[in-house]
$ cat final07.cif   # mmCIF, C-alpha atoms and all ligand atoms
data_input
loop_
_atom_site.label_atom_id
_atom_site.label_comp_id
_atom_site.auth_asym_id
_atom_site.auth_seq_id
_atom_site.Cartn_x
_atom_site.Cartn_y
_atom_site.Cartn_z
CA MET W 1 0.00 0.00 0.00
CA PRO W 2 1.57 3.35 -0.96
CA LEU W 3 2.07 5.63 2.02
CA ALA W 4 1.03 8.83 0.31
CA LYS W 5 -1.84 9.08 -2.11
CA PRO W 6 -0.55 9.92 -5.58
CA HIS W 7 -1.99 13.45 -5.46
CA MET W 8 -0.18 14.26 -2.22
CA ASP W 9 3.30 15.57 -3.00
CA LEU W 10 5.07 15.03 0.30
CA HIS W 11 8.28 16.62 -0.88
CA ALA W 12 6.49 19.83 -1.88
CA LEU W 13 4.52 19.80 1.38
CA ARG W 14 7.69 19.46 3.44
CA GLN W 15 9.27 22.36 1.63
CA GLN W 16 6.54 24.55 3.06
CA PHE W 17 7.90 23.87 6.56
CA PRO W 18 11.33 25.55 6.46
CA ILE W 19 12.62 24.07 9.72
CA LEU W 20 12.37 20.54 8.33
CA ALA W 21 15.43 21.29 6.18
CA ARG W 22 17.57 21.78 9.30
CA GLU W 23 20.38 19.60 10.47
CA VAL W 24 20.91 18.70 14.14
CA HIS W 25 24.32 17.40 15.24
CA GLY W 26 25.26 16.96 11.61
CA ASN W 27 22.22 14.83 10.78
CA PRO W 28 19.03 15.76 8.93
CA LEU W 29 16.41 16.68 11.54
CA ILE W 30 13.75 14.05 12.20
CA TYR W 31 11.06 15.85 14.15
CA PHE W 32 8.93 13.34 16.05
CA ASP W 33 7.85 15.67 18.89
CA ASN W 34 4.73 17.01 17.26
CA ALA W 35 2.45 16.35 20.23
CA ASN W 36 4.64 18.72 22.22
CA THR W 37 4.56 21.46 19.62
CA ALA W 38 4.23 21.30 15.85
CA GLN W 39 6.29 23.05 13.18
CA LYS W 40 4.96 26.04 11.28
CA PRO W 41 4.32 26.43 7.55
CA ALA W 42 6.07 29.33 5.81
CA ALA W 43 2.63 30.87 5.23
CA ALA W 44 2.10 31.29 9.00
CA ILE W 45 5.63 32.59 9.57
CA ALA W 46 5.19 35.06 6.71
CA ALA W 47 1.86 36.27 8.11
CA VAL W 48 3.47 37.12 11.46
CA ASP W 49 6.36 38.85 9.68
CA ASP W 50 3.98 40.80 7.45
CA PHE W 51 1.90 41.87 10.43
CA TYR W 52 4.89 43.44 12.16
CA ARG W 53 6.23 44.97 8.95
CA ARG W 54 2.97 46.49 7.69
CA HIS W 55 0.08 46.42 10.13
CA ASN W 56 1.38 46.50 13.70
CA ALA W 57 -0.94 48.42 16.05
CA ASN W 58 -3.10 47.60 19.02
CA VAL W 59 -6.60 46.24 18.49
CA ALA W 60 -9.92 47.98 19.12
CA ARG W 61 -8.43 51.03 20.79
CA ALA W 62 -7.79 53.60 18.10
CA VAL W 63 -9.50 54.79 14.96
CA HIS W 64 -6.34 55.11 12.91
CA THR W 65 -5.82 52.90 9.88
CA LEU W 66 -3.23 50.55 11.33
CA SER W 67 -5.35 49.89 14.39
CA GLU W 68 -8.35 49.15 12.20
CA GLU W 69 -6.27 46.78 10.11
CA ALA W 70 -4.93 45.02 13.20
CA THR W 71 -8.46 44.73 14.61
CA THR W 72 -9.77 43.33 11.34
CA LEU W 73 -6.99 40.74 11.19
CA TYR W 74 -7.56 39.76 14.83
CA GLU W 75 -11.30 39.37 14.30
CA GLU W 76 -10.68 37.41 11.10
CA ALA W 77 -8.64 34.98 13.16
CA ARG W 78 -11.60 34.53 15.51
CA ALA W 79 -13.92 33.90 12.54
CA LYS W 80 -11.48 31.36 11.10
CA VAL W 81 -11.31 29.48 14.40
CA ALA W 82 -15.12 29.49 14.51
CA ALA W 83 -15.34 28.07 10.99
CA LEU W 84 -12.62 25.51 11.71
CA ILE W 85 -14.45 23.98 14.66
CA GLY W 86 -18.02 24.49 13.46
CA ALA W 87 -19.02 27.09 16.06
CA ALA W 88 -22.46 28.64 15.60
CA SER W 89 -20.94 32.12 15.75
CA ALA W 90 -17.56 33.83 16.12
CA ASN W 91 -18.92 35.27 19.38
CA GLU W 92 -18.63 31.79 20.85
CA VAL W 93 -14.85 31.85 20.40
CA VAL W 94 -12.67 33.33 23.15
CA LEU W 95 -9.10 33.75 21.95
CA THR W 96 -6.67 32.59 24.65
CA THR W 97 -2.98 31.88 25.08
CA GLY W 98 -3.75 28.18 24.72
CA THR W 99 -5.60 25.28 26.25
CA THR W 100 -4.33 25.96 29.74
CA LEU W 101 -5.89 29.41 29.95
CA ALA W 102 -9.05 28.17 28.21
CA ILE W 103 -9.65 25.49 30.85
CA ASN W 104 -8.79 27.83 33.71
CA LEU W 105 -11.36 30.31 32.35
CA VAL W 106 -14.07 27.67 32.57
CA ALA W 107 -12.91 26.62 36.04
CA GLN W 108 -12.84 30.15 37.42
CA GLY W 109 -15.54 31.81 35.30
CA TRP W 110 -18.13 29.08 35.00
CA LEU W 111 -17.66 26.66 37.85
CA ARG W 112 -16.23 28.68 40.72
CA PRO W 113 -19.38 30.73 41.35
CA ARG W 114 -21.53 27.59 41.12
CA LEU W 115 -19.49 25.04 43.06
CA GLN W 116 -20.71 24.07 46.53
CA PRO W 117 -19.08 21.91 49.21
CA GLY W 118 -19.71 18.26 48.38
CA ASP W 119 -20.14 18.90 44.64
CA GLU W 120 -18.23 16.75 42.18
CA ILE W 121 -16.14 17.24 39.06
CA VAL W 122 -15.33 14.26 36.86
CA VAL W 123 -12.19 13.90 34.74
CA SER W 124 -10.58 10.83 33.20
CA HIS W 125 -7.38 9.13 34.30
CA MET W 126 -5.69 10.08 31.02
CA GLU W 127 -5.89 13.87 31.38
CA HIS W 128 -3.05 16.32 30.92
CA HIS W 129 -2.29 18.37 34.04
CA ALA W 130 -4.06 21.30 32.35
CA ASN W 131 -7.31 19.38 32.74
CA ILE W 132 -6.61 18.25 36.32
CA VAL W 133 -4.95 21.00 38.32
CA PRO W 134 -7.47 23.81 37.60
CA TRP W 135 -10.18 21.53 39.03
CA GLN W 136 -8.05 20.57 42.02
CA LEU W 137 -7.54 24.24 42.85
CA LEU W 138 -11.30 24.74 42.82
CA CYS W 139 -12.05 21.61 44.82
CA ALA W 140 -9.58 22.64 47.50
CA GLU W 141 -11.14 26.08 47.75
CA ARG W 142 -14.78 24.94 47.71
CA GLY W 143 -14.65 21.59 49.48
CA ALA W 144 -15.69 19.79 46.31
CA HIS W 145 -14.41 16.41 45.05
CA LEU W 146 -12.52 15.44 41.92
CA LYS W 147 -13.67 12.03 40.67
CA VAL W 148 -11.51 10.08 38.26
CA ALA W 149 -13.03 8.00 35.47
CA PRO W 150 -11.05 4.79 34.96
CA ILE W 151 -9.33 3.67 31.79
CA HIS W 152 -8.57 0.18 30.51
CA ASP W 153 -5.04 -1.21 30.27
CA ASP W 154 -5.01 -0.72 26.49
CA GLY W 155 -5.51 3.02 27.01
CA THR W 156 -9.21 3.21 26.12
CA LEU W 157 -11.67 5.07 28.26
CA ASP W 158 -13.84 2.92 30.53
CA LEU W 159 -17.07 4.52 29.39
CA PRO W 160 -19.42 2.66 31.78
CA GLY W 161 -16.92 3.53 34.52
CA LEU W 162 -17.19 7.21 33.64
CA LEU W 163 -20.98 7.13 33.37
CA ALA W 164 -21.21 5.43 36.76
CA LEU W 165 -19.54 8.48 38.32
CA LEU W 166 -22.18 10.90 37.05
CA GLY W 167 -24.66 11.83 39.72
CA PRO W 168 -26.77 14.63 41.16
CA ARG W 169 -23.67 16.38 42.54
CA THR W 170 -21.68 16.30 39.26
CA ARG W 171 -21.15 19.88 38.13
CA LEU W 172 -18.83 19.34 35.16
CA VAL W 173 -17.06 16.62 33.17
CA GLY W 174 -13.61 17.33 31.69
CA LEU W 175 -12.32 14.94 29.05
CA ALA W 176 -9.46 14.89 26.55
CA HIS W 177 -10.59 14.36 22.96
CA VAL W 178 -7.24 12.65 22.33
CA SER W 179 -4.68 11.64 24.97
CA ASN W 180 -1.25 13.22 24.51
CA VAL W 181 0.44 10.10 25.89
CA LEU W 182 -1.73 7.21 24.73
CA GLY W 183 -2.95 8.68 21.46
CA SER W 184 -6.42 7.25 22.23
CA ILE W 185 -9.37 9.04 20.63
CA ASN W 186 -12.14 9.26 23.20
CA PRO W 187 -15.84 8.75 22.33
CA VAL W 188 -16.69 12.39 23.04
CA ALA W 189 -20.03 12.41 21.20
CA GLU W 190 -21.21 9.43 23.21
CA VAL W 191 -20.12 10.98 26.49
CA ALA W 192 -21.84 14.21 25.43
CA ARG W 193 -25.15 12.41 24.85
CA HIS W 194 -25.11 11.26 28.46
CA THR W 195 -23.89 14.50 30.01
CA ARG W 196 -26.48 16.53 28.07
CA ALA W 197 -29.26 14.21 29.16
CA ALA W 198 -28.08 14.71 32.75
CA GLY W 199 -27.69 18.49 32.34
CA ILE W 200 -23.96 18.37 33.14
CA PRO W 201 -21.60 20.62 31.15
CA LEU W 202 -18.91 18.73 29.23
CA LEU W 203 -15.56 20.40 28.61
CA VAL W 204 -13.40 18.76 25.96
CA ASP W 205 -9.63 19.28 25.79
CA GLY W 206 -9.04 19.23 22.04
CA SER W 207 -5.31 20.02 22.13
CA GLN W 208 -4.28 16.75 20.50
CA ALA W 209 -7.32 16.27 18.27
CA LEU W 210 -7.38 19.23 15.87
CA PRO W 211 -3.82 18.63 14.62
CA HIS W 212 -4.95 15.19 13.42
CA PHE W 213 -8.56 15.42 12.25
CA PRO W 214 -11.38 17.93 11.68
CA VAL W 215 -13.60 18.74 14.64
CA ASP W 216 -17.19 19.98 14.67
CA VAL W 217 -18.10 21.09 18.18
CA GLN W 218 -21.83 21.18 17.45
CA ALA W 219 -21.82 17.65 16.04
CA LEU W 220 -19.85 16.48 19.10
CA GLY W 221 -22.52 17.95 21.36
CA CYS W 222 -20.09 19.16 24.02
CA ASP W 223 -20.44 22.48 25.88
CA PHE W 224 -16.87 23.78 25.99
CA TYR W 225 -13.96 22.93 23.68
CA ALA W 226 -10.40 24.09 24.37
CA PHE W 227 -7.42 23.94 22.05
CA THR W 228 -3.98 25.32 21.60
CA GLY W 229 -2.61 26.90 18.40
CA HIS W 230 1.02 25.87 18.63
CA LYS W 231 0.18 22.18 18.17
CA LEU W 232 -1.94 23.20 15.18
CA PHE W 233 1.03 24.52 13.16
CA ALA W 234 0.49 28.08 14.49
CA PRO W 235 2.54 30.35 16.77
CA THR W 236 2.91 29.72 20.49
CA GLY W 237 0.75 31.78 22.82
CA THR W 238 -2.40 31.22 20.77
CA GLY W 239 -5.45 29.06 21.32
CA ALA W 240 -9.14 29.26 22.00
CA LEU W 241 -12.00 28.40 24.24
CA TRP W 242 -15.24 27.64 22.45
CA GLY W 243 -18.39 27.58 24.54
CA ARG W 244 -22.11 27.58 23.83
CA TYR W 245 -23.02 31.24 23.86
CA GLU W 246 -25.52 30.95 26.70
CA LEU W 247 -22.84 29.36 28.86
CA LEU W 248 -20.23 31.99 28.03
CA ASP W 249 -22.82 34.65 28.69
CA ALA W 250 -23.50 33.18 32.14
CA MET W 251 -19.78 33.11 32.99
CA SER W 252 -18.12 35.61 35.29
CA PRO W 253 -15.04 37.47 34.11
CA VAL W 254 -11.81 35.98 35.40
CA ILE W 255 -9.11 38.46 34.45
CA GLY W 256 -9.96 42.13 34.81
CA GLY W 257 -8.52 44.98 32.79
CA GLY W 258 -8.89 46.88 29.57
CA GLU W 259 -11.01 45.60 26.68
CA MET W 260 -13.24 43.35 28.81
CA ILE W 261 -15.58 46.11 29.93
CA GLU W 262 -18.45 48.20 28.58
CA SER W 263 -17.87 50.98 31.08
CA VAL W 264 -15.86 51.49 34.24
CA SER W 265 -16.58 53.76 37.18
CA PHE W 266 -15.66 53.59 40.84
CA GLU W 267 -19.34 53.05 41.60
CA GLY W 268 -19.57 49.98 39.39
CA THR W 269 -18.17 48.44 36.25
CA ILE W 270 -20.20 46.87 33.47
CA TYR W 271 -18.52 43.97 31.76
CA ALA W 272 -18.50 43.42 28.03
CA ALA W 273 -20.43 40.58 26.41
CA PRO W 274 -18.54 37.41 25.47
CA PRO W 275 -16.07 36.85 23.97
CA ARG W 276 -14.48 40.20 24.93
CA ARG W 277 -15.42 39.67 28.57
CA PHE W 278 -12.66 37.06 28.72
CA GLU W 279 -9.99 38.88 26.73
CA ALA W 280 -8.59 41.49 29.08
CA GLY W 281 -5.45 43.32 28.02
CA THR W 282 -3.54 43.38 24.76
CA PRO W 283 -3.69 39.97 23.09
CA ASN W 284 -1.03 38.16 21.07
CA ILE W 285 -2.24 39.86 17.89
CA ALA W 286 0.60 38.74 15.63
CA GLY W 287 0.25 35.20 16.96
CA PHE W 288 -3.42 35.11 16.03
CA VAL W 289 -2.62 36.46 12.58
CA GLY W 290 -0.26 33.47 12.32
CA LEU W 291 -3.00 31.16 13.60
CA ALA W 292 -5.37 32.45 10.92
CA ALA W 293 -2.75 31.76 8.26
CA ALA W 294 -2.07 28.27 9.65
CA ILE W 295 -5.80 27.50 9.59
CA ASP W 296 -6.06 28.77 5.99
CA TRP W 297 -3.09 26.62 5.06
CA LEU W 298 -4.51 23.53 6.74
CA ARG W 299 -7.95 23.92 5.22
CA ALA W 300 -6.48 24.27 1.74
CA GLN W 301 -4.86 20.81 2.04
CA ASP W 302 -6.41 17.49 1.15
CA GLN W 303 -7.00 16.67 4.81
CA PRO W 304 -8.21 13.07 4.32
CA ALA W 305 -5.00 12.41 2.36
CA LEU W 306 -2.89 13.94 5.15
CA ARG W 307 -4.68 11.79 7.71
CA ALA W 308 -4.30 8.60 5.66
CA HIS W 309 -0.59 9.27 5.20
CA GLU W 310 -0.08 10.04 8.87
CA ASP W 311 -2.03 6.97 10.03
CA ALA W 312 -0.03 4.73 7.70
CA LEU W 313 3.18 6.22 9.14
CA GLY W 314 1.93 5.60 12.67
CA GLU W 315 1.26 1.96 11.83
CA ARG W 316 4.67 1.58 10.19
CA LEU W 317 6.26 2.99 13.34
CA ARG W 318 4.36 0.62 15.65
CA ALA W 319 5.03 -2.36 13.43
CA GLY W 320 8.75 -1.57 13.51
CA LEU W 321 8.73 -1.01 17.27
CA ARG W 322 7.00 -4.34 17.87
CA GLY W 323 10.16 -6.01 16.60
CA PHE W 324 12.19 -4.65 19.54
CA PRO W 325 12.70 -7.23 22.29
CA GLY W 326 11.38 -6.01 25.64
CA ILE W 327 9.19 -3.25 24.23
CA ARG W 328 6.17 -2.14 26.24
CA PHE W 329 3.64 0.18 24.63
CA ILE W 330 1.69 2.53 26.87
CA GLY W 331 -1.52 2.97 24.89
CA GLU W 332 -2.75 0.51 22.28
CA ALA W 333 -6.29 1.70 21.64
CA ALA W 334 -7.72 0.78 18.25
CA GLN W 335 -9.03 4.34 17.82
CA ARG W 336 -5.87 6.41 17.99
CA VAL W 337 -3.71 9.05 16.37
CA SER W 338 -0.10 8.61 15.29
CA VAL W 339 1.46 8.85 18.76
CA ALA W 340 3.52 5.99 20.21
CA SER W 341 4.56 5.98 23.88
CA PHE W 342 6.73 3.07 24.93
CA LEU W 343 9.51 1.75 27.12
CA LEU W 344 12.40 -0.50 26.18
CA GLU W 345 13.48 -2.91 28.87
CA GLY W 346 16.86 -2.04 30.32
CA ALA W 347 17.05 1.45 28.76
CA HIS W 348 15.86 4.63 30.42
CA ALA W 349 13.62 6.74 28.17
CA THR W 350 15.57 9.94 28.82
CA ASP W 351 18.92 8.29 28.05
CA LEU W 352 17.44 7.08 24.77
CA ALA W 353 16.07 10.57 23.99
CA VAL W 354 19.47 12.18 24.62
CA LEU W 355 21.24 9.69 22.36
CA LEU W 356 18.56 10.03 19.68
CA ASP W 357 19.08 13.79 19.71
CA LEU W 358 22.71 13.19 18.75
CA GLU W 359 21.31 11.37 15.70
CA GLY W 360 19.21 14.43 14.84
CA ILE W 361 15.99 12.91 16.15
CA ALA W 362 13.62 14.93 18.37
CA VAL W 363 11.38 12.85 20.63
CA ARG W 364 10.03 13.49 24.09
CA SER W 365 10.81 11.47 27.17
CA GLY W 366 9.34 11.79 30.63
CA GLN W 367 5.87 12.04 32.10
CA HIS W 368 4.31 14.29 29.44
CA CYS W 369 2.43 16.45 32.00
CA ALA W 370 0.34 13.40 32.87
CA HIS W 371 1.74 12.13 36.17
CA PRO W 372 -1.45 10.33 37.26
CA LEU W 373 -1.59 8.47 33.96
CA LEU W 374 1.99 7.22 34.25
CA GLN W 375 1.34 6.28 37.87
CA ARG W 376 -1.65 4.27 36.61
CA TYR W 377 0.76 2.21 34.48
CA GLY W 378 3.41 2.09 37.20
CA VAL W 379 6.08 3.71 35.02
CA GLY W 380 8.31 6.70 35.70
CA ALA W 381 8.80 7.82 32.11
CA THR W 382 8.07 6.83 28.53
CA LEU W 383 9.65 7.66 25.23
CA ARG W 384 7.09 9.29 22.98
CA ALA W 385 7.34 9.56 19.22
CA SER W 386 4.51 11.73 17.89
CA LEU W 387 4.10 12.15 14.14
CA ALA W 388 2.63 14.76 11.84
CA PHE W 389 1.62 14.60 8.19
CA TYR W 390 4.95 16.12 7.10
CA ASN W 391 6.89 13.12 8.42
CA THR W 392 8.00 10.42 6.00
CA ALA W 393 8.33 6.65 5.84
CA ASP W 394 12.06 7.11 5.43
CA GLU W 395 12.17 9.08 8.69
CA VAL W 396 10.30 6.28 10.47
CA ASP W 397 12.78 3.74 9.14
CA ARG W 398 15.76 5.89 10.13
CA PHE W 399 14.25 6.40 13.59
CA LEU W 400 13.89 2.64 14.05
CA ALA W 401 17.48 2.06 12.94
CA ALA W 402 18.73 4.83 15.24
CA LEU W 403 16.77 3.42 18.17
CA GLU W 404 18.36 0.05 17.64
CA LYS W 405 21.79 1.66 17.50
CA VAL W 406 21.40 3.81 20.63
CA ARG W 407 19.82 1.02 22.60
CA GLY W 408 22.92 -1.03 21.93
CA MET W 409 25.00 1.77 23.47
CA LEU W 410 23.24 1.59 26.85
N1 LIG W 501 -3.94 19.23 27.07
C1 LIG W 501 -3.26 18.36 26.33
C2 LIG W 501 -3.88 17.03 26.00
C3 LIG W 501 -1.98 18.69 25.87
O1 LIG W 501 -1.29 17.80 25.15
C4 LIG W 501 -1.43 19.94 26.20
C5 LIG W 501 -0.04 20.34 25.74
N2 LIG W 501 0.93 19.39 26.01
C6 LIG W 501 -2.20 20.83 26.96
C7 LIG W 501 -3.45 20.44 27.38
C8 LIG W 501 -1.68 22.19 27.35
O2 LIG W 501 -1.56 23.01 26.24
P1 LIG W 501 -0.89 24.45 26.41
O3 LIG W 501 0.38 24.22 27.16
O4 LIG W 501 -0.62 24.86 25.00
O5 LIG W 501 -1.84 25.31 27.10
#
$ encode --input "final07.cif" --output "structure tokens" --more "lines below"
Ligand code: PMP
Amino acid sequence: MPLAKPHMDLHALRQQFPILAREVHGNPLIYFDNANTAQKPAAAIAAVDDFYRRHNANVARAVHTLSEEATTLYEEARAKVAALIGAASANEVVLTTGTTLAINLVAQGWLRPRLQPGDEIVVSHMEHHANIVPWQLLCAERGAHLKVAPIHDDGTLDLPGLLALLGPRTRLVGLAHVSNVLGSINPVAEVARHTRAAGIPLLVDGSQALPHFPVDVQALGCDFYAFTGHKLFAPTGTGALWGRYELLDAMSPVIGGGEMIESVSFEGTIYAAPPRRFEAGTPNIAGFVGLAAAIDWLRAQDQPALRAHEDALGERLRAGLRGFPGIRFIGEAAQRVSVASFLLEGAHATDLAVLLDLEGIAVRSGQHCAHPLLQRYGVGATLRASLAFYNTADEVDRFLAALEKVRGML
């Protein structure tokens, strides 16, 4: 089976990501750390550059031409995010620094005023710290409880286990769309059917989903969806919180300052409507211009072809890894993206990552901001190779050969 469909010119696609031409320690770079952050197409880099060269001004504050241009570009980015994720309106999209801020906004703006002692929040055992710690902070303050939905050994969600935790005191469910360690794709639409029937808001952490497949928040049926731009081929410091408008409208502001108000007086301040209510201060305007360009770039591609290529690469990687004696995969769900976390018996993941770097290969080792998940598997660290559509079969083969070589050195 050919890896790339005939109409997908992988060489031409790679040329649009300038960094992929780099060498590291005298070797061609093999970038397999895409779940950590993804590389940027020249179109997104050029958009940031062009913004600073020709349009730089603050948004929504001045009537001069540059400020109007900057505001238009910033609002276009919001509209492009809305279209990307199928939001009903751009007003449902709060632009944030990333997933972490997006989830904290829901924790502090939605849940904090509503959470009573004895209430419950449900998350899964495979969450990133960004979808654990904001809830722990709230629980500690309010005397509420964080309940943890179990997962199976193969890295799939235990759906009946999660549903069994839902009860009259459940005030919110937080769930990763895709696990950054396991690669598992969670059955979000199915969870949403149950949470909606029970009247419980469902927040989905989409950080690792959008880089791999299209998402339609309305079709999913969730209530909040958070994602981060830098994993979506866009600049760091960008991301979004999508929420149903009535929920955003019922949320309290979290960060106070300029731009999030209608009027301010010492007698009383009137807050702006969403999304501005949650965007105090000067945003990362150039970053969002880059995000808009990255979204345009992505949507102009043959996305099913990218996905098919990436999935085939992921399978080639796993097939090759299975040949290593003493390999242990952490995460073997059938529904997954092209992320492989594993351990090799007798070799520490970080030692392997350091030696692979000398071969020009970027992978991540460690706990991947998911300590409870690694504790669940009783391991201190994994090596994680996470692929993107711009990776090649040759890179996978060279990675496997390099892994064999460096393992022999330990
Ligand atoms: N959730 C998941 C599943 C992630 O993989 C990450 C990034 N590693 C985050 C949340 C946090 O994203 P950010 O640091 O961009 O806010």
$ closest_residue --input "final07.cif" --among "W:Ala149, W:Leu29, W:Leu20, W:Ala209" --to "ligand LIG 501 (chain W)" --atoms "only C-alpha atoms and all ligand atoms"
W:Ala209
$ closest_atom_pairs --input "final07.cif" --of "chain W" --to "ligand LIG 501 (chain W)" --cutoff "9 Å" --atoms "all atoms listed in the file" --output "JSON lines"
{"residue": "W:Ala35", "atom": "CA", "partner": "W:LIG501", "partner_atom": "O1", "distance": 6.3}
{"residue": "W:Asn36", "atom": "CA", "partner": "W:LIG501", "partner_atom": "N2", "distance": 5.3}
{"residue": "W:Thr37", "atom": "CA", "partner": "W:LIG501", "partner_atom": "N2", "distance": 7.6}
{"residue": "W:Thr97", "atom": "CA", "partner": "W:LIG501", "partner_atom": "O5", "distance": 7.0}
{"residue": "W:Gly98", "atom": "CA", "partner": "W:LIG501", "partner_atom": "O5", "distance": 4.2}
{"residue": "W:Thr99", "atom": "CA", "partner": "W:LIG501", "partner_atom": "O5", "distance": 3.9}
{"residue": "W:Thr100", "atom": "CA", "partner": "W:LIG501", "partner_atom": "O5", "distance": 3.7}
{"residue": "W:Leu101", "atom": "CA", "partner": "W:LIG501", "partner_atom": "O5", "distance": 6.4}
{"residue": "W:Ala102", "atom": "CA", "partner": "W:LIG501", "partner_atom": "O5", "distance": 7.8}
{"residue": "W:Ile103", "atom": "CA", "partner": "W:LIG501", "partner_atom": "O5", "distance": 8.7}
{"residue": "W:Met126", "atom": "CA", "partner": "W:LIG501", "partner_atom": "C2", "distance": 8.8}
{"residue": "W:Glu127", "atom": "CA", "partner": "W:LIG501", "partner_atom": "C2", "distance": 6.6}
{"residue": "W:His128", "atom": "CA", "partner": "W:LIG501", "partner_atom": "N1", "distance": 4.9}
{"residue": "W:His129", "atom": "CA", "partner": "W:LIG501", "partner_atom": "C7", "distance": 7.1}
{"residue": "W:Ala130", "atom": "CA", "partner": "W:LIG501", "partner_atom": "C7", "distance": 5.1}
{"residue": "W:Asn131", "atom": "CA", "partner": "W:LIG501", "partner_atom": "N1", "distance": 6.6}
{"residue": "W:Ala176", "atom": "CA", "partner": "W:LIG501", "partner_atom": "C2", "distance": 6.0}
{"residue": "W:His177", "atom": "CA", "partner": "W:LIG501", "partner_atom": "C2", "distance": 7.8}
{"residue": "W:Val178", "atom": "CA", "partner": "W:LIG501", "partner_atom": "C2", "distance": 6.6}
{"residue": "W:Ser179", "atom": "CA", "partner": "W:LIG501", "partner_atom": "C2", "distance": 5.5}
{"residue": "W:Asn180", "atom": "CA", "partner": "W:LIG501", "partner_atom": "O1", "distance": 4.6}
{"residue": "W:Val181", "atom": "CA", "partner": "W:LIG501", "partner_atom": "O1", "distance": 7.9}
{"residue": "W:Asp205", "atom": "CA", "partner": "W:LIG501", "partner_atom": "N1", "distance": 5.8}
{"residue": "W:Gly206", "atom": "CA", "partner": "W:LIG501", "partner_atom": "C2", "distance": 6.9}
{"residue": "W:Ser207", "atom": "CA", "partner": "W:LIG501", "partner_atom": "C1", "distance": 5.0}
{"residue": "W:Gln208", "atom": "CA", "partner": "W:LIG501", "partner_atom": "C2", "distance": 5.5}
{"residue": "W:Ala209", "atom": "CA", "partner": "W:LIG501", "partner_atom": "C2", "distance": 8.5}
{"residue": "W:Ala226", "atom": "CA", "partner": "W:LIG501", "partner_atom": "C7", "distance": 8.4}
{"residue": "W:Phe227", "atom": "CA", "partner": "W:LIG501", "partner_atom": "O2", "distance": 7.3}
{"residue": "W:Thr228", "atom": "CA", "partner": "W:LIG501", "partner_atom": "O4", "distance": 4.8}
{"residue": "W:Gly229", "atom": "CA", "partner": "W:LIG501", "partner_atom": "O4", "distance": 7.2}
{"residue": "W:His230", "atom": "CA", "partner": "W:LIG501", "partner_atom": "O4", "distance": 6.7}
{"residue": "W:Lys231", "atom": "CA", "partner": "W:LIG501", "partner_atom": "O4", "distance": 7.4}
{"residue": "W:Thr236", "atom": "CA", "partner": "W:LIG501", "partner_atom": "O4", "distance": 7.5}
{"residue": "W:Gly237", "atom": "CA", "partner": "W:LIG501", "partner_atom": "O4", "distance": 7.4}
{"residue": "W:Thr238", "atom": "CA", "partner": "W:LIG501", "partner_atom": "O4", "distance": 7.8}
{"residue": "W:Gly239", "atom": "CA", "partner": "W:LIG501", "partner_atom": "O4", "distance": 7.4}
{"residue": "W:His368", "atom": "CA", "partner": "W:LIG501", "partner_atom": "N2", "distance": 7.0}
{"residue": "W:Cys369", "atom": "CA", "partner": "W:LIG501", "partner_atom": "N2", "distance": 6.8}
{"residue": "W:Ala370", "atom": "CA", "partner": "W:LIG501", "partner_atom": "C2", "distance": 8.8}
$ atom_distance --input "final07.cif" --atom1 "atom CA of W:Glu92" --atom2 "atom CA of W:Lys147"
28.4 Å
$ residues_around --input "final07.cif" --residues "W:Leu159" --least-positions-apart "2" --cutoff "9 Å" --atoms "all atoms listed in the file" --output "list in words"
Ala149, Pro150, Ile151, Thr156, Leu157, Gly161, Leu162, Leu163, Ala164, Pro187, Glu190 and Val191 of chain W
$ atom_distance --input "final07.cif" --atom1 "atom CA of W:Met8" --atom2 "atom CA of W:Asp302"
7.8 Å
$ closest_residue --input "final07.cif" --among "W:Met409, W:Leu400, W:Ala272, W:Ala347" --to "W:Arg316" --atoms "only C-alpha atoms"
W:Leu400
$ residues_around --input "final07.cif" --residues "W:Asn58" --least-positions-apart "6" --cutoff "12 Å" --atoms "only C-alpha atoms" --output "ChimeraX atom specification"
/W:51-52,64-74,259,281-286
$ closest_residue --input "final07.cif" --among "W:Gly346, W:Gly183, W:Pro235, W:Pro275" --to "W:Ile261" --atoms "only C-alpha atoms"
W:Pro275
$ atom_distance --input "final07.cif" --atom1 "atom CA of W:Ala21" --atom2 "atom CA of W:Ser338"
22.0 Å
$ closest_residue --input "final07.cif" --among "W:Gly326, W:Leu232, W:Arg169, W:Ala57" --to "W:Pro211" --atoms "only C-alpha atoms"
W:Leu232
$ closest_residue --input "final07.cif" --among "W:Gly360, W:Gly155, W:Pro372, W:Pro253" --to "W:Tyr31" --atoms "only C-alpha atoms"
W:Gly360
$ closest_residue --input "final07.cif" --among "W:Val339, W:Ile200, W:Val106, W:His194" --to "W:Leu248" --atoms "only C-alpha atoms"
W:Val106
$ residues_around --input "final07.cif" --residues "stretch 401-403 of chain W" --least-positions-apart "5" --cutoff "8 Å" --atoms "only C-alpha atoms" --output "PyMOL selection string"
chain W and resi 352+356+359
$ residues_near_point --input "final07.cif" --point "(-17.5, 29.6, 32.5)" --cutoff "8 Å" --atoms "only C-alpha atoms" --output "MDAnalysis selection string"
chainID W and resid 105:111 247:248 250:252
$ axis_aligned_box --input "final07.cif" --around "stretch 59-67 of chain W" --padding-each-side "6 Å" --output "AutoDock Vina command-line options"
--center_x -6.6 --center_y 50.7 --center_z 15.3 --size_x 18.7 --size_y 20.9 --size_z 22.9
$ residues_around --input "final07.cif" --residues "W:Gln16" --least-positions-apart "5" --cutoff "10 Å" --atoms "only C-alpha atoms" --output "JSON, numbers by chain"
{"W": [11, 21, 40, 41, 42, 43, 390]}
